[in-house]
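A quick write-up on the structure given underneath.
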Amino acid sequence: MILGQSSSSRIVSHAVLVTGAIIMVFPFLWMILASLTPQSEIFDGSLLPTPTLHGAIDNYGTALSAIPLLRFMANGFVVCLAILVLQIAIAIPCGYALAKLSFPGRPILLVGVLLGLLVPVQIPTIPIYIALAKSGLLDSYAALVLPWIISVFAIFLFRQFFVTFPDEVLDAARLDGFSELSIAWRIMLPAAWPAVVSFSIFSIVAHWNDLYWPMVVITNPDMMTASLGIAYFRQAGEGAGNVGALMAGGVLVTAPLVSFFLLMQKHFIRGLVLGRH
Amino acid sequence: MAALDLHIDDIGKRFGAIDVLRGICLRVAAGEFVTLLGPSGCGKSTLLRIIAGLERADQGHVRAGGRGLDAVAPKDRDLAFVFQSYALYPHLSVHDNIAAPLVMRELSSLERLPVIGALLPGAIQRKRSIQERVRQTSGLLKLDALLERRPSALSGGQRQRVALGRAMVRKPKIFLMDEPLANLDAALRIHTRGEIARLHKEMETTTIFVTHDQAEAAALSDRVAVIFGGELRQVAAPADLYREPVDLDVARFLAQPFLNELAVAAPIGGGLMIGGSRIIIRDALGSGLAGTLAFRPEHATLAEKDHPGALPVRVTRIEHAGIDAHVFVDAEAGAQFVARISAERARSLRDGDNLGLTIDAERAWFFPSNGSRQRGDHSGTV
């Protein structure tokens with residue numbers, strides 16, 4: 001606690017933080033409670049729905065039986081993992097080359113990476129869609145994964161991380177018999193571990209929650225990811241209008257991410273702080 | 001074990017408009033310990049990096065054991081490098097740091113994998129042999145108790161020993177060391193210096209050692225190569241370098257810690273005029289140029305004021321340094337000198353005493369203004 005800070009200003013700042021936290025948490029709380037409440041009682045006029053056991057069984061039963069929710073989550077898991085592994089496999093050597101190797105055109109490439117950060121995904125949607133359609137890849141994991149495997153954000157993040165790495169260690173590695181690629185994998189990757197963890201959380205959250213891209217390339221329900229599956233559930237078939245079951249689906253889809261974040265929270269924050277240097 | 005000789009031939013290197021190295025030629029015999037000595041920024045580290053292949057020379061050649069190294073990748077040059085910053089792998093334990101050069105050279109990429117690697121035929125044996133050698137090296141450097149630690153959990157001296165271990169473990173033919181003692185405190189530096197000398201004696205590996213510390217160079221080396229401004233000025237055994245520096249820069253750099261210098265007019269019949277006194281210096285005989293008279297404090301003595309051939313001086317300050325003392329004196333015409341005499345004698349002196357300074361005519365040097373001293377060449381090559 002900073003000396004001299006008056007207790008009234010502390011109360012004010014805490015009040016602001018608590019209000020913010022309530023605003024953030026309230027939708028989640030409502031979602032959890034609604035997922036446990038019978039359909040007919042959710043909108044009974046009270047601020048928070050009142051859970052009942054049979055409402056919970058009903059809602060979760062519907063969510064799991066009316067649509068293949070587990071299949072959607074498995075799809076989402078495969079897609080997120082494939083995207084993450086390929087992103088790291090590409091970004092680590094790229095970040096290393098941009099940070100530590102000297103070759104003609106390096107400054108221009110770095111500018112290209114920075115410009116890439118500025119382009120929103122919606123802009124290349126149509127050309128990428130056409131390319132996937134022409135190669136017959138629509139409605140496949142490849143369509144969900146391939147457009148994301150080059151992450152300029154990851155390249156830039158790792159590059160920033162690598163720039164401060166001591167050159168003498170790299171020279172030592174070259175004399176010890178490391179190739180440039182083995183330097184990237186065996187020395188730079190472990191050194192960048194905090195950045196890798198924070199990027200992983202960022203990437204997994206973004207792609208698990210992504211609704212836009214799966215909606216563009218997927219029409220076959222078998223290939224749907226979790227968020228697209230929930231959207232499909234809301235519009236189609238038995239799910240339509242069943243808010244309680246929809247919220248149950250939402251809880252099931254959100255739970256893995258939230259527990260993953262809580263598990264990795266410390267690394268995540270450390271990685272973001274280190275990345276600033 | 002076999003060591004290699006090293007031939008450095010006319011090496012030149014430019015960074016932008018600056019000549020970092022110019023026409024460096026040096027022959028190092030197999031098993032020899034040669035120090036590259038010079039002030040910071042003189043190019044000595046760049047030369048070492050060129051020998052290692054970490055930097056490309058703009059001209060000239062490096063050969064080891066008769067084999068041209070210019071087109072050979074650093075890892076295939078059969079030499080090891082010890083860095084000033086130690087350059088340990090931060091995420092690996094001491095054991096894995098020392099093992100790294102062996103693992104990278106002797107195991108295939110498949111055999112290096114954690115689980116699959118252990119199942120491949122031959123890999124187990126090779127891994128055992130690597131472990132055996134790591135253990136030998138760590139024993140030699142007294143690192144056994146630290147093998148599981150990360151570098152961040154080690155002291156500077158311990159890191160230094162790990163760096164030495166990583167360099168030694170694959171028994172290279174040539175050792176390159178770039179100021180490996182610079183980051184250690186004074187006591188540890190002297191201790192580690194002794195360790196390096198002992199290891200060199202045991203392994204007899206050709207060693208090139210870079211330092212800016214002349215005491216370190218003198219203590220360790222068979223020969224010292226002095227570099228100034230990218231030029232090799234003199235290569236000589238430490239004792240010869242001390243006795244016969246080729247030019248004023250070298251003499252100054254090897255001052256420990258003082259050097260007397262005085263700009264003088266061209267000698268007349270071998271005699272140099274200092275104020276109203278004329279002194280004879282063997283080194284100046286036959287020279288017709290103006291230049292600089294220089295001599296070490298230990299090559300001057302203090303006598304009575306009217307001693308024949310002595311310069312009249314006045315004591316201004318006395319600095320005691322253990323068994324000896326440095327006596328600072330003013331001479332005529334604003335010249336100032338330091339003489340090193342025994343502490344015993346210095347006790348009878350007081351500031352303001354008027355005395356006579358005699359300079360050892362055989363040991364004092366005359367550096368003519370156009371460059372190097374004229375003398376028999378002691379720098380020589382092997």
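Naming scheme: A, B, ... for chains in displayed order of the structure tokens; residues 1 onward per chain; ligands 1 onward as shown.
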
Item to check | At most 7 Å to chain A: residues in chain B, only C-alpha atoms, as a list in words | outcome: Leu54, Pro74, Lys75, Ala80, Ala87, Leu88, Tyr89, His91, Ala100, Pro101, Met104 and Arg105 of chain B

Prev. selection, N, CA and C atoms, output as a tab-separated table (two decimals), in the first residue's frame:
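This went into out_37.tsv:
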chain	number	residue	atom	x	y	z
B	54	LEU	N	33.31	-16.94	-36.81
B	54	LEU	CA	32.07	-16.24	-36.47
B	54	LEU	C	31.98	-14.93	-37.23
B	74	PRO	N	32.10	-22.70	-38.73
B	74	PRO	CA	32.66	-22.63	-37.37
B	74	PRO	C	32.68	-23.99	-36.66
B	75	LYS	N	31.59	-24.74	-36.79
B	75	LYS	CA	31.50	-25.98	-36.01
B	75	LYS	C	32.46	-27.06	-36.53
B	80	ALA	N	37.43	-24.49	-29.94
B	80	ALA	CA	36.41	-24.14	-28.96
B	80	ALA	C	36.64	-22.71	-28.52
B	87	ALA	N	28.21	-17.16	-22.08
B	87	ALA	CA	27.31	-17.65	-23.13
B	87	ALA	C	26.80	-19.06	-22.87
B	88	LEU	N	26.41	-19.33	-21.63
B	88	LEU	CA	25.83	-20.65	-21.32
B	88	LEU	C	24.39	-20.68	-21.82
B	89	TYR	N	23.88	-21.90	-22.08
B	89	TYR	CA	22.48	-22.03	-22.48
B	89	TYR	C	21.61	-21.89	-21.23
B	91	HIS	N	18.56	-22.34	-20.37
B	91	HIS	CA	17.51	-23.28	-19.98
B	91	HIS	C	18.05	-24.68	-19.72
B	100	ALA	N	26.30	-30.40	-24.37
B	100	ALA	CA	25.71	-29.92	-25.63
B	100	ALA	C	26.58	-30.13	-26.87
B	101	PRO	N	27.88	-29.76	-26.82
B	101	PRO	CA	28.67	-29.94	-28.04
B	101	PRO	C	28.79	-31.42	-28.45
B	104	MET	N	25.24	-32.57	-29.84
B	104	MET	CA	24.94	-32.04	-31.17
B	104	MET	C	25.82	-32.67	-32.24
B	105	ARG	N	27.01	-33.12	-31.88
B	105	ARG	CA	27.91	-33.67	-32.87
B	105	ARG	C	27.76	-35.17	-33.04

Next on the checklist: For Thr37 of chain A, find every residue with an atom within 9 Å (counting only C-alpha atoms), except residues of its own chain fewer than 3 positions away, and show them as an MDAnalysis selection string.
Outcome noted: chainID A and resid 33:34 40:42 49:56 58:59 244

Item to check | Expected answer as a ChimeraX atom specification: helix (DSSP H, G or I) residues in segment 62-228 of chain A | outcome: /A:62-66,69-100,106-118,125-134,141-148,152-163,167-176,180-191,193-209,212-217,221-223,226-228

Item to check | Nearby residues (only C-alpha atoms) at most 12 Å from Arg243 of chain B, same-chain spacing under 4 positions excluded, as a ChimeraX atom specification | outcome: /B:236-239,247,250-251,254-255,295-296,298-299,362-365,378-379

Checklist entry - Which residue, A:Ala248, A:Thr62, A:Ala91, A:Met73, has the smallest gap to Leu36 of chain A when you use only C-alpha atoms? => result A:Ala248

Checklist entry - In Å, how far is it from atom CA of Ser140 of chain A to atom CA of Val113 of chain A? => result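 Pair atom CA of Ser140 of chain A / atom CA of Val113 of chain A returns 28.0 Å.
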
Item to check | Selection near Leu48 of chain B, 9 Å with only C-alpha atoms, sequence-local residues under 2 positions removed, as an MDAnalysis selection string | outcome: chainID B and resid 36 43:46 50:55 81 176:178 208:210

Checklist entry - Could you pull the residues within 7 Å of segment 342-357 of chain B, counting only C-alpha atoms, minus those fewer than 3 positions along the same chain, as a list in words? => result Ala300, Thr301, Leu302, Ala303, Glu304, Lys305, Asp306, His307, Ala310, Leu311, Pro312, Val313, Arg314, Val315, Thr316, Arg317, His320, Ile323, Asp324 and Ala325 of chain B

Keeping only C-alpha atoms, write the selected residues as a CSV table (one decimal), in the first residue's frame.
chain,number,residue,atom,x,y,z
B,300,ALA,CA,65.9,5.0,-12.4
B,301,THR,CA,67.5,5.6,-9.0
B,302,LEU,CA,67.8,8.5,-6.6
B,303,ALA,CA,71.2,9.6,-5.5
B,304,GLU,CA,72.8,12.6,-3.9
B,305,LYS,CA,72.1,16.0,-5.5
B,306,ASP,CA,75.6,16.3,-6.9
B,307,HIS,CA,76.1,12.8,-8.1
B,310,ALA,CA,72.4,12.8,-12.3
B,311,LEU,CA,69.6,15.1,-13.1
B,312,PRO,CA,68.8,17.5,-10.3
B,313,VAL,CA,65.3,16.8,-9.0
B,314,ARG,CA,63.0,17.7,-6.2
B,315,VAL,CA,60.7,15.1,-4.5
B,316,THR,CA,57.0,16.0,-4.7
B,317,ARG,CA,55.2,12.9,-3.5
B,320,HIS,CA,54.2,3.3,-0.9
B,323,ILE,CA,58.2,-3.7,-0.7
B,324,ASP,CA,58.7,-0.7,-3.1
B,325,ALA,CA,57.8,2.9,-3.2

Next on the checklist: Please list as an NGL selection string every residue within 12 Å of Leu109 of chain A, counting only C-alpha atoms and excluding residues in the same chain fewer than 4 positions away.
Outcome noted: :A and (94-95 or 97-99 or 102-105 or 113-116 or 152 or 155-156)

Item to check | One-decimal distance in Å that lies between atom CA of Arg189 of chain B and atom CA of Val327 of chain B | outcome: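 Separation of atom CA of Val327 of chain B and atom CA of Arg189 of chain B: 29.4 Å.
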
Checklist entry - Pick the closest to His95 of chain B from B:Leu147, B:Ile274, B:Ala290, B:Leu181: which is it, counting only C-alpha atoms? => result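 Smallest distance to His95 of chain B is found for B:Leu147.
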
Item to check | Secondary structure check, strand (DSSP E or B) residues of segment 214-362 of chain B, as a ChimeraX atom specification | outcome: /B:223-228,231-236,260-264,268,271-274,277-280,291-295,300-303,311-321,324-330,336-342,354-359

Checklist entry - Excluding same-chain residues fewer than 3 positions from segment 13-28 of chain B, what lies within 9 Å of it counting only C-alpha atoms, as a count of residues only? => result 33
